[in-house]
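See below for run-v1.cif, which holds mmCIF, C-alpha atoms.
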```
data_target
#
loop_
_atom_site.label_atom_id
_atom_site.label_comp_id
_atom_site.auth_asym_id
_atom_site.auth_seq_id
_atom_site.Cartn_x
_atom_site.Cartn_y
_atom_site.Cartn_z
CA MET A 1351 256.47 260.61 336.50
CA SER A 1352 254.07 263.39 337.26
CA ASP A 1353 255.13 266.84 338.39
CA LEU A 1354 252.03 267.34 340.52
CA VAL A 1355 252.63 268.98 343.85
CA PRO A 1356 249.92 268.86 346.52
CA ARG A 1357 248.58 272.19 347.72
CA PRO A 1358 248.92 273.05 351.38
CA ARG A 1359 245.59 272.67 353.17
CA SER A 1360 245.32 276.42 353.79
CA MET A 1361 245.53 277.34 350.10
CA ALA A 1362 241.88 277.34 349.12
CA PRO A 1363 241.22 278.79 345.65
CA ALA A 1364 238.82 281.33 347.20
CA PRO A 1365 238.09 282.02 350.85
CA ALA A 1366 234.70 280.94 352.13
CA ASP A 1367 233.95 284.09 354.07
CA ALA A 1368 230.94 286.32 354.63
CA ASP A 1369 231.95 288.88 352.00
CA ASN A 1370 228.94 288.73 349.69
CA ARG A 1371 229.49 291.96 347.79
CA TYR A 1372 228.97 291.63 344.04
CA LYS A 1373 232.62 292.03 343.06
CA ALA A 1374 233.79 289.70 345.85
CA VAL A 1375 231.40 286.96 344.76
CA GLN A 1376 232.43 287.39 341.13
CA ALA A 1377 236.10 287.14 342.14
CA LYS A 1378 235.45 283.99 344.21
CA LEU A 1379 233.59 282.35 341.34
CA ARG A 1380 236.34 283.28 338.88
CA LYS A 1381 239.02 281.86 341.21
CA LEU A 1382 237.05 278.64 341.71
CA ALA A 1383 236.49 278.19 337.98
CA THR A 1384 240.18 278.84 337.28
CA ALA A 1385 241.22 276.37 339.99
CA MET A 1386 238.93 273.73 338.47
CA ASP A 1387 240.31 274.40 334.98
CA ASP A 1388 243.84 273.98 336.37
CA ALA A 1389 242.79 270.79 338.16
CA VAL A 1390 241.42 269.35 334.91
CA VAL A 1391 244.77 269.97 333.18
CA GLU A 1392 246.72 268.44 336.07
CA LEU A 1393 244.38 265.44 336.30
CA GLU A 1394 244.65 264.80 332.56
CA ALA A 1395 248.45 264.78 332.89
CA LEU A 1396 248.19 262.42 335.85
CA ARG A 1397 245.84 260.11 333.92
CA ARG A 1398 248.21 259.99 330.94
CA ASP A 1399 251.16 259.21 333.22
CA MET A 1400 249.24 256.48 335.04
CA LYS A 1401 248.07 254.93 331.78
CA ALA A 1402 251.64 254.98 330.42
CA ASN A 1403 252.93 253.43 333.65
CA ALA A 1404 250.26 250.72 333.43
CA SER A 1405 251.34 249.93 329.88
CA ARG A 1406 255.02 249.81 330.87
CA THR A 1407 254.18 247.58 333.82
CA GLU A 1408 252.32 245.16 331.51
CA HIS A 1409 255.46 244.96 329.36
CA VAL A 1410 257.57 244.34 332.47
CA ALA A 1411 255.22 241.50 333.49
CA THR A 1412 255.64 239.98 330.03
CA ASP A 1413 259.42 240.37 330.24
CA ILE A 1414 259.44 238.74 333.67
CA GLY A 1415 257.44 235.85 332.25
CA HIS A 1416 259.91 235.42 329.38
CA ALA A 1417 262.83 235.51 331.82
CA ASP A 1418 261.47 232.36 333.50
CA LEU A 1419 261.21 233.99 336.91
CA ASP A 1420 258.77 232.72 339.49
CA ASP A 1421 255.17 233.06 338.30
CA LYS A 1422 254.19 234.95 341.44
CA PHE A 1423 256.25 237.93 340.19
CA VAL A 1424 254.47 237.86 336.85
CA VAL A 1425 251.10 237.76 338.62
CA LEU A 1426 252.01 240.53 341.07
CA THR A 1427 253.37 242.77 338.32
CA GLY A 1428 250.26 242.13 336.25
CA GLU A 1429 248.09 243.09 339.21
CA VAL A 1430 250.02 246.35 339.56
CA ALA A 1431 249.38 247.06 335.88
CA VAL A 1432 245.66 246.40 336.33
CA ALA A 1433 245.57 248.59 339.44
CA LEU A 1434 247.29 251.45 337.61
CA GLY A 1435 244.83 251.12 334.73
CA GLY A 1436 241.91 251.23 337.18
CA ALA A 1437 243.38 254.24 338.95
CA ALA A 1438 243.80 256.00 335.60
CA GLY A 1439 240.09 255.39 334.94
CA ALA A 1440 239.18 256.84 338.33
CA VAL A 1441 241.36 259.90 337.66
CA ASN A 1442 239.57 260.30 334.33
CA HIS A 1443 236.24 260.30 336.18
CA LEU A 1444 237.60 262.86 338.66
CA ALA A 1445 238.77 265.09 335.78
CA ALA A 1446 235.29 264.90 334.23
CA THR A 1447 233.78 265.93 337.57
CA ALA A 1448 236.22 268.86 337.85
CA ARG A 1449 235.28 269.87 334.29
CA ASP A 1450 231.59 269.79 335.26
CA VAL A 1451 232.26 271.91 338.35
CA ALA A 1452 234.18 274.45 336.25
CA THR A 1453 231.34 274.63 333.73
CA SER A 1454 228.74 275.05 336.47
CA THR A 1455 230.87 277.74 338.12
CA TYR A 1456 231.13 279.71 334.88
CA GLN A 1457 227.34 279.41 334.48
CA ALA A 1458 226.78 280.55 338.08
CA LYS A 1459 229.12 283.50 337.53
CA GLY A 1460 227.17 284.51 334.43
CA THR A 1461 223.81 284.16 336.17
CA HIS A 1462 225.05 286.12 339.18
CA SER A 1463 226.29 288.83 336.86
CA LYS A 1464 222.95 289.05 335.01
CA LEU A 1465 221.05 289.31 338.26
CA TYR A 1466 223.24 291.68 340.26
CA ARG A 1467 225.58 293.64 337.96
CA GLY A 1468 223.04 296.41 337.36
CA LEU A 1469 222.36 296.79 341.07
CA ASP A 1470 226.09 296.90 341.80
CA GLU A 1471 226.61 299.60 339.16
CA ILE A 1472 223.87 301.72 340.70
CA ARG A 1473 225.17 301.24 344.24
CA SER A 1474 228.81 301.78 343.28
CA ASN A 1475 228.23 304.98 341.30
CA ARG A 1476 226.20 306.98 343.79
CA SER A 1477 227.62 309.18 346.48
CA GLU A 1478 224.92 308.47 349.08
CA LYS A 1479 225.42 305.72 351.62
CA THR A 1480 223.52 302.50 351.06
CA PRO A 1481 221.19 301.35 353.86
CA ARG A 1482 222.28 298.27 355.74
CA PRO A 1483 220.74 294.97 354.69
CA GLY A 1484 217.38 294.46 356.35
CA PHE A 1485 216.78 298.18 356.88
CA PHE A 1486 213.61 298.16 354.80
CA ASN A 1487 212.25 295.01 356.46
CA ARG A 1488 211.39 296.73 359.73
#
```
How does this structure look as C-alpha cells?
Amino acid sequence: MSDLVPRPRSMAPAPADADNRYKAVQAKLRKLATAMDDAVVELEALRRDMKANASRTEHVATDIGHADLDDKFVVLTGEVAVALGGAAGAVNHLAATARDVATSTYQAKGTHSKLYRGLDEIRSNRSEKTPRPGFFNR
C-alpha cells in the first residue's frame, strides 16, 4: 500500500499573491519546482504500488480460476487487474507531466534570474528610495 497522504486544499506550494519582488518570485518558483519534484517521487511510488497490485490481482484471478469458483469472479478479478494496470499507466503519464512542469519551472527561475538579478542587486544595495512602478510613465 502507498503511504501517500493528500494535502489539505489550503496548502499550496507557493501563494499566488501580488508580491512580484525579485526574491519573492524566485522563492515561489523554487517552492513550485520542489513541490513538483516531490510529486514526481510520490507518483513514481504510487505507480510502482499500483503495478504490483495489478500483478498480484492477476495471480489472484488465476488462483480463483484454479479453485473452480464461479467464472464471474475470475472475470471480475481480471477486470480489476486490468483497471489497476491502466491506472498505473495514467499515473506514469501524470508523473511525466509533473517532471515537465518541474523542468520548466527551473528554466523559468533561471531566466527570471538572468533578467532581473542585476536590477535587484542595484535596487537592494542603494540607500535611496525606489520610485513606485509607473512613476516614469507619466
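For the residues A:Arg1371, A:Met1400, A:Val1391, A:Ser1405, ranking by smallest atom-to-atom distance to Glu1471 in chain A using only C-alpha atoms places A:Arg1371 first.
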**Asked** Nearest to Asn1370 in chain A: which of A:Ala1395, A:Val1441, A:His1462, A:Ser1477 is it, counting all atoms listed in the file?
**Response** A:His1462
**Request:** Translate the PyMOL selection byres ((chain A and resi 1427) around 10), as applied to the file shown, into an explicit residue set as a PyMOL selection string.
**Result:** chain A and resi 1404+1407-1412+1414+1421-1426+1428-1433
Shell around Ala1383 in chain A at 12 Å using all atoms listed in the file, local window under 6 positions removed, as a compact mmCIF listing (two decimals) with C-alpha atoms, keeping the file's coordinate frame:
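Now in result-v2.txt:
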```
# COMPACT_ATOMS: atom_id res chain seq x y z
CA PRO A 1363 241.22 278.79 345.65
CA ALA A 1364 238.82 281.33 347.20
CA GLN A 1376 232.43 287.39 341.13
CA ALA A 1377 236.10 287.14 342.14
CA ALA A 1389 242.79 270.79 338.16
CA VAL A 1390 241.42 269.35 334.91
CA ALA A 1448 236.22 268.86 337.85
CA ARG A 1449 235.28 269.87 334.29
CA ASP A 1450 231.59 269.79 335.26
CA VAL A 1451 232.26 271.91 338.35
CA ALA A 1452 234.18 274.45 336.25
CA THR A 1453 231.34 274.63 333.73
CA SER A 1454 228.74 275.05 336.47
CA THR A 1455 230.87 277.74 338.12
CA TYR A 1456 231.13 279.71 334.88
CA GLN A 1457 227.34 279.41 334.48
CA ALA A 1458 226.78 280.55 338.08
CA LYS A 1459 229.12 283.50 337.53
CA GLY A 1460 227.17 284.51 334.43
```
**Prompt:** Care to translate the PyMOL selection byres ((chain A and resi 1398) around 12) into actual residues of this file, as a PyMOL selection string?
**Reply:** chain A and resi 1351-1352+1391-1397+1399-1405+1434-1435+1437-1439+1441-1442+1445
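Relative to CA of Ser1463 in chain A, CA of Thr1384 in chain A is found at 17.1 Å.
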What are the centre and the three edge lengths of an axis-aligned box that wraps all atoms of range 1472-1487 of chain A in the file, given that 8 Å is added to every side, written as lines of an AutoDock Vina configuration file and rounded to one decimal in Å?
```
center_x = 220.5
center_y = 301.8
center_z = 348.8
size_x = 32.6
size_y = 30.7
size_z = 32.2
```
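Taking CA of Ala1374 in chain A and CA of Asn1475 in chain A as the two end points, the separation is 16.9 Å.
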**Request:** Work out how far apart CA of Thr1447 in chain A and CA of Lys1464 in chain A are and give it in Å to one decimal.
**Result:** 25.7 Å
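Closest to Ser1474 in chain A among A:His1443, A:Lys1373, A:Pro1356, A:Ala1368 is A:Lys1373, based on all atoms listed in the file.
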